[in-house]
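Accompanying notes for the structure given below.
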Amino acid sequence: MAGLSGEQVREGLVRLDGWEWDPQEVLIHRTVRLPDFLAAVALVNEVAQAAEQADHHPDIDIRYDTVRLALSTHSEGAVTDKDMALAARVDELVAATAQTLE
Ligand SMILES: C[C@H](O)[C@H](O)[C@H]1CNC2=NC(N)=NC(=O)C2=N1
């Protein structure tokens, strides 16, 4: 899976929700705030299932009610379409979580 250029990453982010590109760290990241710690863990569990299905795994940081997800393709040392695809799946899960919390 070939690495995307900075321009390709920026184009891809337009179709995603709340993801940012860190060219220094060579990753994209999104931070999500949830009502509490258990809701944060529940989201991470859903992301974990999606990651296993995709055989692609984000770096995950939980701080109480806040989850930070970072995606890059380690084998390429770059952001690839695999990262973009999993980011889009994460967006779906976050949107679904937000709905159940309403
Ligand atoms: C063997 C297996 O496909 C690889 O180790 C996968 C697993 N998950 C991965 N996740 C991420 N983010 N980058 C990878 O290069 C990667 N490689």
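If you're wondering about the labels, chains in the structure tokens are A, B, ... by order shown, residues count from 1 in each chain, ligands from 1 in order shown.
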Write down as an MDAnalysis selection string the residues belonging to range 3-91 of chain A that are assigned helix (DSSP H, G or I) by DSSP computed on the backbone.
chainID A and resid 6:14 37:54 81:91
I want to know what sits within 10 Å of Ala54 in chain A, based on only C-alpha atoms, with residues of the same chain fewer than 4 positions away left out; could you give that as a list of chain:residue names?
A:Ala48, A:Gln49, A:Ala50, A:Lys82, A:Asp83, A:Ala85, A:Leu86, A:Arg89
Residue selection dump (N, CA, C and O atoms) as a short mmCIF file (atom, residue, chain, number, x, y, z; two decimals), in the first residue's frame:
data_model
loop_
_atom_site.label_atom_id
_atom_site.label_comp_id
_atom_site.auth_asym_id
_atom_site.auth_seq_id
_atom_site.Cartn_x
_atom_site.Cartn_y
_atom_site.Cartn_z
N ALA A 48 -11.78 -1.22 18.17
CA ALA A 48 -10.92 -2.41 18.19
C ALA A 48 -11.47 -3.50 17.27
O ALA A 48 -10.70 -4.16 16.54
N GLN A 49 -12.79 -3.69 17.27
CA GLN A 49 -13.41 -4.68 16.38
C GLN A 49 -13.17 -4.31 14.92
O GLN A 49 -12.81 -5.15 14.09
N ALA A 50 -13.38 -3.03 14.61
CA ALA A 50 -13.18 -2.56 13.23
C ALA A 50 -11.71 -2.72 12.82
O ALA A 50 -11.40 -3.09 11.68
N LYS A 82 -5.33 2.74 3.54
CA LYS A 82 -5.82 1.91 4.65
C LYS A 82 -6.18 2.78 5.84
O LYS A 82 -7.16 2.54 6.55
N ASP A 83 -5.36 3.80 6.10
CA ASP A 83 -5.63 4.73 7.21
C ASP A 83 -6.90 5.53 6.92
O ASP A 83 -7.74 5.71 7.81
N ALA A 85 -9.39 4.66 5.03
CA ALA A 85 -10.57 3.78 5.09
C ALA A 85 -10.96 3.51 6.55
O ALA A 85 -12.16 3.56 6.90
N LEU A 86 -9.97 3.25 7.41
CA LEU A 86 -10.31 2.98 8.82
C LEU A 86 -10.82 4.25 9.50
O LEU A 86 -11.72 4.20 10.33
N ARG A 89 -14.39 4.56 8.78
CA ARG A 89 -15.15 3.59 9.60
C ARG A 89 -15.27 4.11 11.05
O ARG A 89 -16.34 4.00 11.66
#
Need the shell around Asp22 in chain A: protein/DNA/RNA residues with any atom at most 12 Å away, counting only C-alpha atoms. Skip same-chain ones fewer than 5 positions apart. Format as number ranges by chain?
A: 6, 9-10, 13, 27-30, 70-72, 78-79
Those residues you just picked out, can you put them in a file as a compact mmCIF listing (two decimals), in the first residue's frame with C-alpha atoms?
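Saved as part14.txt:
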# COMPACT_ATOMS: atom_id res chain seq x y z
CA GLY A 6 0.65 15.47 1.69
CA VAL A 9 -3.86 13.25 2.61
CA ARG A 10 -5.34 16.76 2.75
CA LEU A 13 -9.38 14.62 5.12
CA LEU A 27 -0.10 10.37 10.94
CA ILE A 28 -3.69 11.50 11.00
CA HIS A 29 -5.50 11.88 14.31
CA ARG A 30 -8.94 12.58 15.73
CA ALA A 70 -3.96 8.15 15.50
CA LEU A 71 -3.52 6.30 12.23
CA SER A 72 -0.51 5.61 10.09
CA ALA A 78 3.39 6.79 5.78
CA VAL A 79 -0.33 7.53 5.73
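Identified as lying at most 7 Å from ligand 1 when counting only C-alpha atoms and all ligand atoms are the residues Asp55, His56, His57, Pro58, Leu71, Ser72, Thr73, His74, Ser75 and Glu76 of chain A.
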Using only N, CA, C and O atoms, please write the residues we just selected to a file, as a PDB file, in the first residue's frame.
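Now in again_21.pdb:
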ATOM      1  N   ASP A  55      -7.524  -5.555   9.819  1.00  0.00           N
ATOM      2  CA  ASP A  55      -6.120  -5.881  10.102  1.00  0.00           C
ATOM      3  C   ASP A  55      -5.261  -4.617  10.017  1.00  0.00           C
ATOM      4  O   ASP A  55      -4.205  -4.572   9.389  1.00  0.00           O
ATOM      5  N   HIS A  56      -5.777  -3.570  10.659  1.00  0.00           N
ATOM      6  CA  HIS A  56      -5.087  -2.276  10.669  1.00  0.00           C
ATOM      7  C   HIS A  56      -5.428  -1.623  11.998  1.00  0.00           C
ATOM      8  O   HIS A  56      -6.609  -1.561  12.358  1.00  0.00           O
ATOM      9  N   HIS A  57      -4.429  -1.141  12.725  1.00  0.00           N
ATOM     10  CA  HIS A  57      -4.621  -0.843  14.138  1.00  0.00           C
ATOM     11  C   HIS A  57      -4.182   0.573  14.490  1.00  0.00           C
ATOM     12  O   HIS A  57      -3.007   0.913  14.315  1.00  0.00           O
ATOM     13  N   PRO A  58      -5.100   1.367  14.987  1.00  0.00           N
ATOM     14  CA  PRO A  58      -4.733   2.731  15.382  1.00  0.00           C
ATOM     15  C   PRO A  58      -3.987   2.757  16.717  1.00  0.00           C
ATOM     16  O   PRO A  58      -4.119   1.839  17.530  1.00  0.00           O
ATOM     17  N   LEU A  71      -3.660   7.330  13.270  1.00  0.00           N
ATOM     18  CA  LEU A  71      -3.516   6.303  12.231  1.00  0.00           C
ATOM     19  C   LEU A  71      -2.342   6.607  11.314  1.00  0.00           C
ATOM     20  O   LEU A  71      -2.209   7.724  10.799  1.00  0.00           O
ATOM     21  N   SER A  72      -1.518   5.585  11.138  1.00  0.00           N
ATOM     22  CA  SER A  72      -0.509   5.611  10.085  1.00  0.00           C
ATOM     23  C   SER A  72      -0.232   4.162   9.737  1.00  0.00           C
ATOM     24  O   SER A  72      -0.603   3.255  10.494  1.00  0.00           O
ATOM     25  N   THR A  73       0.382   3.945   8.609  1.00  0.00           N
ATOM     26  CA  THR A  73       0.693   2.580   8.208  1.00  0.00           C
ATOM     27  C   THR A  73       2.155   2.318   8.539  1.00  0.00           C
ATOM     28  O   THR A  73       3.064   2.840   7.878  1.00  0.00           O
ATOM     29  N   HIS A  74       2.379   1.541   9.599  1.00  0.00           N
ATOM     30  CA  HIS A  74       3.732   1.376  10.133  1.00  0.00           C
ATOM     31  C   HIS A  74       4.660   0.766   9.096  1.00  0.00           C
ATOM     32  O   HIS A  74       5.816   1.181   8.973  1.00  0.00           O
ATOM     33  N   SER A  75       4.133  -0.207   8.353  1.00  0.00           N
ATOM     34  CA  SER A  75       4.980  -0.913   7.386  1.00  0.00           C
ATOM     35  C   SER A  75       5.474   0.026   6.276  1.00  0.00           C
ATOM     36  O   SER A  75       6.505  -0.231   5.664  1.00  0.00           O
ATOM     37  N   GLU A  76       4.726   1.109   6.035  1.00  0.00           N
ATOM     38  CA  GLU A  76       5.108   2.057   4.976  1.00  0.00           C
ATOM     39  C   GLU A  76       5.801   3.293   5.536  1.00  0.00           C
ATOM     40  O   GLU A  76       6.378   4.072   4.776  1.00  0.00           O
TER      41      GLU A  76
END
Surrounding residues of Thr100 in chain A excluding itself and chain neighbours under 4 positions, 12 Å, only C-alpha atoms, as a VMD selection string
chain A and resid 34 to 35 39 42 to 43 93 to 96
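Backbone DSSP of chain A yields strand (DSSP E) at Glu20, Trp21, Asp22, Leu27, Ile28, His29, Arg30, Thr31, Val32, Arg33, Asp59, Ile60, Asp61, Ile62, Arg63, Thr66, Val67, Arg68, Leu69, Ala70 and Leu71 of chain A.
For the pair CA of Ala88 in chain A and CA of Leu16 in chain A, the separation is 6.1 Å.
With only C-alpha atoms as the atoms that count, the minimum distance from Phe37 in chain A to the choices A:Thr66, A:Gln8, A:Gln53, A:Gln24 is reached by A:Thr66.
Interatomic distance, CA of Ala2 in chain A against CA of Gly18 in chain A: 23.7 Å.
Relative to CA of Ala51 in chain A, CA of Gly77 in chain A is found at 18.2 Å.
Using only C-alpha atoms for every distance, the candidate list A:Val44, A:Val26, A:Ala98, A:Leu4 yields A:Val44 as the residue closest to Asp61 in chain A.
Of the residues under consideration (A:Ile62, A:Glu52, A:Arg68, A:Asn45), A:Asn45 shows the shortest atom-to-atom contact distance to Thr97 in chain A when counting only C-alpha atoms.
Using only C-alpha atoms for every distance, the candidate list A:Val14, A:Ala87, A:Ile60, A:Met1 yields A:Ile60 as the residue closest to Ala40 in chain A.
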